[in-house]
Amino acid sequence: MNLVDRYVASIRRNLPGDRAEDIAAELRDLLASRIEDREAALDRPLNGDETKAVLRDFGHPLVVAARYRKQQWLIGPDVFPFYLSVLRIVLAILALVFVVVAAVNLLFHGDHLLRALAGALGGLWMSALINVANVTIVFVILERMGFPADHLRKWDPGQLADVKDKQPGPWESAIEVALGIAFLLWWTGLVHLPFGAGGPSFRIEPAPIFTQLYWPILTLVAARLVHSLIQGLRPRWWRLRMLVGAATAVGGIALLALIYRAGRWAIVVPNGMPADKAAELQNSLNLSLSIAIVVIAIVWSVQCLLGFYRLWRRGRFQPIPA
Amino acid sequence: MVSEDNLFEKLRVELRRGSLVLAVLAALREERYGYTLRNILEEAGLPIEEGALYPLLRRLEAQGLLTSEWREEGRSKRFYRLSTDGAAILARLHAEWAAIGASLDRLLTKDAKP
């Protein structure tokens, strides 16, 4: 088999199956014509290097074959901005998870800082690879299905957020949605955390108040999820957004009050640890949690009041958009 | 940093790429063999890589703008020519090309004035 045959065979292997033979036959003939022309100009047969030069000039077999395919790219220029945006959000969420996992290992497992970071980084790397691959596959499929031609034709500029609206950007909304979904999956027992709370000689369990408030907490987080979805997808639905926001803020503060009244939020169960040490740890833990609950309640109250103030100011000073 | 020559070459290739379909359709108003077509385009000052031209011919044929047939001329050769739909599209593209040329001329002439 001569060099031209090997070249055409190499192209043929990567051609679309139904047209491969026909295209290969045409290429073989076109190359023969090109070589005949060169030979006629030189008045002698081409040597090996000259034939190689003709083939190199024609193009790399993979590139030539690819030009015969309908699909010239995995993710095209129209889909790429959406792909990049989703990828950034996914990677931002992963980075957040990385920080949380490292912090939990550091605080509850007594890891050294470097070991906690290294452990979380190992998991983060695999998660990043898998998530980037998944997002890429989804967008390759969307590219093949013609996305986003329909979306670009139909998107509604009226749904863009007001410039004066001091509301979270799409990233923040996306992270809130992701965290909300993650919390609901964990709260309902559909997924389990890859680590247990506690240490080698004890474990930490939630107090009964959380079992008693199972449904109110579930409802509140679900409502916050709806709020985040409206914020991210329909920022112009400000009335509904503010209504849900206000309801969840008030509900959240009420829930915090109920939780605070319980007086105990974490139980340390010794597993080899002396009972007095466990009681001491439990008291310290609950003291920290009581401070955290009060701080969260203050922050939520301030946010709630600011939200009501903005609502009042908007209604008073601005024409309400349709 | 891209040199001015490299940048010019990149922009020149982009500028010419848009005109190649028009050139191919125009050259195929009369039936031609793929290799001859490439030579004619080169002689007309529009050289095109062979690795790009022949897939383009197939794509235009799949779009119904060209027809083709194998014929024996020493050995089997594939000949292409403009289809009826291709002729209609060529007429529209030609008009568009003339309009673009006229618009650019106006802009460039205006910009050239002090």
# chains A, B, ... in the order shown; residues from 1 in each chain; ligands from 1
$ residues_around --residues "Val177 in chain A" --least-positions-apart "3" --cutoff "8 Å" --atoms "only C-alpha atoms" --output "list of chain:residue names"
A:Ser173, A:Ala174, A:Gly180, A:Ile181, A:Leu225, A:Ser228, A:Leu229
$ write_last_selection --atoms "C-alpha atoms" --output "PDB file, in the first residue's frame"
ATOM      1  CA  SER A 173     -29.291  32.929  43.897  1.00  0.00           C
ATOM      2  CA  ALA A 174     -27.875  29.770  42.310  1.00  0.00           C
ATOM      3  CA  GLY A 180     -31.427  24.781  49.802  1.00  0.00           C
ATOM      4  CA  ILE A 181     -31.754  21.601  47.731  1.00  0.00           C
ATOM      5  CA  LEU A 225     -35.897  27.688  48.078  1.00  0.00           C
ATOM      6  CA  SER A 228     -34.269  31.924  45.769  1.00  0.00           C
ATOM      7  CA  LEU A 229     -35.734  30.445  42.583  1.00  0.00           C
TER       8      LEU A 229
END
$ residues_around --residues "range 136-153 of chain A" --least-positions-apart "2" --cutoff "12 Å" --atoms "only C-alpha atoms" --output "PDB file with N, CA and C atoms, in the first residue's frame"
ATOM      1  N   LYS A  70     -21.095  16.755  10.160  1.00  0.00           N
ATOM      2  CA  LYS A  70     -22.062  17.839  10.373  1.00  0.00           C
ATOM      3  C   LYS A  70     -21.688  18.632  11.615  1.00  0.00           C
ATOM      4  N   GLN A  71     -21.288  17.896  12.673  1.00  0.00           N
ATOM      5  CA  GLN A  71     -20.960  18.548  13.949  1.00  0.00           C
ATOM      6  C   GLN A  71     -19.494  18.968  13.931  1.00  0.00           C
ATOM      7  N   GLN A  72     -19.249  20.269  13.923  1.00  0.00           N
ATOM      8  CA  GLN A  72     -17.869  20.760  13.847  1.00  0.00           C
ATOM      9  C   GLN A  72     -17.303  21.108  15.217  1.00  0.00           C
ATOM     10  N   TRP A  73     -18.175  21.171  16.244  1.00  0.00           N
ATOM     11  CA  TRP A  73     -17.682  21.481  17.580  1.00  0.00           C
ATOM     12  C   TRP A  73     -18.572  20.822  18.620  1.00  0.00           C
ATOM     13  N   LEU A  74     -18.011  20.621  19.817  1.00  0.00           N
ATOM     14  CA  LEU A  74     -18.787  20.021  20.909  1.00  0.00           C
ATOM     15  C   LEU A  74     -19.771  21.030  21.482  1.00  0.00           C
ATOM     16  N   ILE A  75     -19.249  22.223  21.800  1.00  0.00           N
ATOM     17  CA  ILE A  75     -20.085  23.285  22.351  1.00  0.00           C
ATOM     18  C   ILE A  75     -19.791  24.544  21.543  1.00  0.00           C
ATOM     19  N   GLY A  76     -20.785  25.022  20.813  1.00  0.00           N
ATOM     20  CA  GLY A  76     -20.583  26.141  19.896  1.00  0.00           C
ATOM     21  C   GLY A  76     -20.633  27.494  20.580  1.00  0.00           C
ATOM     22  N   PRO A  77     -20.380  28.556  19.811  1.00  0.00           N
ATOM     23  CA  PRO A  77     -20.304  29.901  20.409  1.00  0.00           C
ATOM     24  C   PRO A  77     -21.614  30.383  21.029  1.00  0.00           C
ATOM     25  N   ASP A  78     -22.772  29.897  20.540  1.00  0.00           N
ATOM     26  CA  ASP A  78     -24.048  30.330  21.136  1.00  0.00           C
ATOM     27  C   ASP A  78     -24.281  29.682  22.496  1.00  0.00           C
ATOM     28  N   VAL A  79     -23.862  28.430  22.617  1.00  0.00           N
ATOM     29  CA  VAL A  79     -24.101  27.681  23.861  1.00  0.00           C
ATOM     30  C   VAL A  79     -23.015  27.996  24.902  1.00  0.00           C
ATOM     31  N   PHE A  80     -21.818  28.351  24.414  1.00  0.00           N
ATOM     32  CA  PHE A  80     -20.672  28.505  25.308  1.00  0.00           C
ATOM     33  C   PHE A  80     -20.904  29.470  26.482  1.00  0.00           C
ATOM     34  N   PRO A  81     -21.509  30.662  26.261  1.00  0.00           N
ATOM     35  CA  PRO A  81     -21.710  31.561  27.421  1.00  0.00           C
ATOM     36  C   PRO A  81     -22.565  30.927  28.517  1.00  0.00           C
ATOM     37  N   PHE A  82     -23.589  30.158  28.121  1.00  0.00           N
ATOM     38  CA  PHE A  82     -24.449  29.493  29.110  1.00  0.00           C
ATOM     39  C   PHE A  82     -23.657  28.398  29.834  1.00  0.00           C
ATOM     40  N   TYR A  83     -22.865  27.669  29.076  1.00  0.00           N
ATOM     41  CA  TYR A  83     -22.025  26.601  29.632  1.00  0.00           C
ATOM     42  C   TYR A  83     -21.055  27.174  30.668  1.00  0.00           C
ATOM     43  N   LEU A  84     -20.397  28.269  30.272  1.00  0.00           N
ATOM     44  CA  LEU A  84     -19.405  28.883  31.153  1.00  0.00           C
ATOM     45  C   LEU A  84     -20.063  29.396  32.432  1.00  0.00           C
ATOM     46  N   SER A  85     -21.243  29.987  32.282  1.00  0.00           N
ATOM     47  CA  SER A  85     -21.947  30.543  33.436  1.00  0.00           C
ATOM     48  C   SER A  85     -22.315  29.428  34.426  1.00  0.00           C
ATOM     49  N   VAL A  86     -22.873  28.327  33.902  1.00  0.00           N
ATOM     50  CA  VAL A  86     -23.266  27.208  34.770  1.00  0.00           C
ATOM     51  C   VAL A  86     -22.027  26.583  35.421  1.00  0.00           C
ATOM     52  N   LEU A  87     -20.966  26.452  34.618  1.00  0.00           N
ATOM     53  CA  LEU A  87     -19.733  25.853  35.135  1.00  0.00           C
ATOM     54  C   LEU A  87     -19.168  26.679  36.296  1.00  0.00           C
ATOM     55  N   VAL A  90     -21.302  26.038  39.387  1.00  0.00           N
ATOM     56  CA  VAL A  90     -21.045  24.705  39.951  1.00  0.00           C
ATOM     57  C   VAL A  90     -19.703  24.697  40.689  1.00  0.00           C
ATOM     58  N   ALA A 128     -14.875  17.976  41.425  1.00  0.00           N
ATOM     59  CA  ALA A 128     -14.766  18.980  40.358  1.00  0.00           C
ATOM     60  C   ALA A 128     -14.709  18.282  38.996  1.00  0.00           C
ATOM     61  N   LEU A 129     -13.889  17.228  38.918  1.00  0.00           N
ATOM     62  CA  LEU A 129     -13.770  16.507  37.643  1.00  0.00           C
ATOM     63  C   LEU A 129     -15.116  15.946  37.204  1.00  0.00           C
ATOM     64  N   ILE A 130     -15.802  15.281  38.149  1.00  0.00           N
ATOM     65  CA  ILE A 130     -17.079  14.642  37.816  1.00  0.00           C
ATOM     66  C   ILE A 130     -18.121  15.701  37.431  1.00  0.00           C
ATOM     67  N   ASN A 131     -18.154  16.797  38.194  1.00  0.00           N
ATOM     68  CA  ASN A 131     -19.162  17.820  37.910  1.00  0.00           C
ATOM     69  C   ASN A 131     -18.891  18.553  36.600  1.00  0.00           C
ATOM     70  N   VAL A 132     -17.620  18.851  36.336  1.00  0.00           N
ATOM     71  CA  VAL A 132     -17.282  19.506  35.059  1.00  0.00           C
ATOM     72  C   VAL A 132     -17.659  18.573  33.904  1.00  0.00           C
ATOM     73  N   ALA A 133     -17.359  17.274  34.074  1.00  0.00           N
ATOM     74  CA  ALA A 133     -17.706  16.311  33.022  1.00  0.00           C
ATOM     75  C   ALA A 133     -19.216  16.256  32.819  1.00  0.00           C
ATOM     76  N   ASN A 134     -19.975  16.218  33.922  1.00  0.00           N
ATOM     77  CA  ASN A 134     -21.434  16.140  33.814  1.00  0.00           C
ATOM     78  C   ASN A 134     -22.016  17.379  33.133  1.00  0.00           C
ATOM     79  N   TRP A 155     -36.456  34.929  24.867  1.00  0.00           N
ATOM     80  CA  TRP A 155     -36.183  35.466  26.204  1.00  0.00           C
ATOM     81  C   TRP A 155     -36.794  36.857  26.338  1.00  0.00           C
ATOM     82  N   ASP A 156     -37.219  37.151  27.544  1.00  0.00           N
ATOM     83  CA  ASP A 156     -37.997  38.365  27.795  1.00  0.00           C
ATOM     84  C   ASP A 156     -37.138  39.413  28.499  1.00  0.00           C
ATOM     85  N   PRO A 157     -36.766  40.499  27.795  1.00  0.00           N
ATOM     86  CA  PRO A 157     -35.954  41.535  28.464  1.00  0.00           C
ATOM     87  C   PRO A 157     -36.672  42.135  29.665  1.00  0.00           C
TER      88      PRO A 157
END
$ interface_residues --of "chain A" --to "chain B" --cutoff "8 Å" --atoms "only C-alpha atoms" --output "PyMOL selection string"
chain A and resi 26+29-30+33-34+58-59+63-64+67-68
$ write_last_selection --atoms "N, CA and C atoms" --output "short mmCIF file (atom, residue, chain, number, x, y, z; two decimals), in the first residue's frame"
data_model
loop_
_atom_site.label_atom_id
_atom_site.label_comp_id
_atom_site.auth_asym_id
_atom_site.auth_seq_id
_atom_site.Cartn_x
_atom_site.Cartn_y
_atom_site.Cartn_z
N GLU A 26 -13.39 9.85 -3.91
CA GLU A 26 -13.18 11.19 -4.49
C GLU A 26 -11.82 11.75 -4.07
N ASP A 29 -8.97 10.20 -5.93
CA ASP A 29 -8.87 10.73 -7.30
C ASP A 29 -8.29 12.15 -7.31
N LEU A 30 -8.74 12.98 -6.35
CA LEU A 30 -8.27 14.37 -6.30
C LEU A 30 -6.77 14.43 -6.01
N SER A 33 -4.90 13.49 -9.08
CA SER A 33 -4.84 14.62 -10.02
C SER A 33 -3.77 15.62 -9.60
N ARG A 34 -3.73 15.90 -8.30
CA ARG A 34 -2.74 16.85 -7.79
C ARG A 34 -1.32 16.34 -8.05
N PHE A 58 -2.36 19.03 1.89
CA PHE A 58 -3.81 18.70 1.83
C PHE A 58 -4.45 18.78 3.21
N GLY A 59 -3.72 18.41 4.22
CA GLY A 59 -4.24 18.54 5.59
C GLY A 59 -4.09 17.27 6.39
N VAL A 63 -8.21 16.27 10.60
CA VAL A 63 -8.82 17.57 10.30
C VAL A 63 -9.65 17.47 9.03
N VAL A 64 -9.08 16.82 8.01
CA VAL A 64 -9.81 16.67 6.73
C VAL A 64 -11.10 15.88 6.97
N ARG A 67 -13.92 17.78 8.74
CA ARG A 67 -14.64 18.79 7.96
C ARG A 67 -15.82 18.18 7.19
N TYR A 68 -15.84 16.89 7.08
CA TYR A 68 -16.98 16.23 6.41
C TYR A 68 -18.11 15.93 7.39
#
$ atom_distance --atom1 "CA of Arg38 in chain B" --atom2 "CA of Leu55 in chain A"
15.9 Å
$ residues_around --residues "Ala88 in chain B" --least-positions-apart "5" --cutoff "9 Å" --atoms "only C-alpha atoms" --output "ChimeraX atom specification"
/B:65,83,93
$ write_last_selection --atoms "N, CA and C atoms" --output "PDB file, in the first residue's frame"
ATOM      1  N   LEU B  65     -27.844  22.809  -3.085  1.00  0.00           N
ATOM      2  CA  LEU B  65     -27.417  23.913  -3.944  1.00  0.00           C
ATOM      3  C   LEU B  65     -26.569  23.421  -5.129  1.00  0.00           C
ATOM      4  N   SER B  83     -27.320  23.606  -8.881  1.00  0.00           N
ATOM      5  CA  SER B  83     -28.691  23.124  -9.071  1.00  0.00           C
ATOM      6  C   SER B  83     -29.612  24.326  -9.310  1.00  0.00           C
ATOM      7  N   LEU B  93     -27.441  35.890  -3.236  1.00  0.00           N
ATOM      8  CA  LEU B  93     -26.162  36.176  -2.583  1.00  0.00           C
ATOM      9  C   LEU B  93     -25.366  37.226  -3.365  1.00  0.00           C
TER      10      LEU B  93
END
$ select_by_dssp --residues "range 7-66 of chain B" --states "helix (DSSP H, G or I)" --output "PyMOL selection string"
chain B and resi 7-27+34-43+50-62
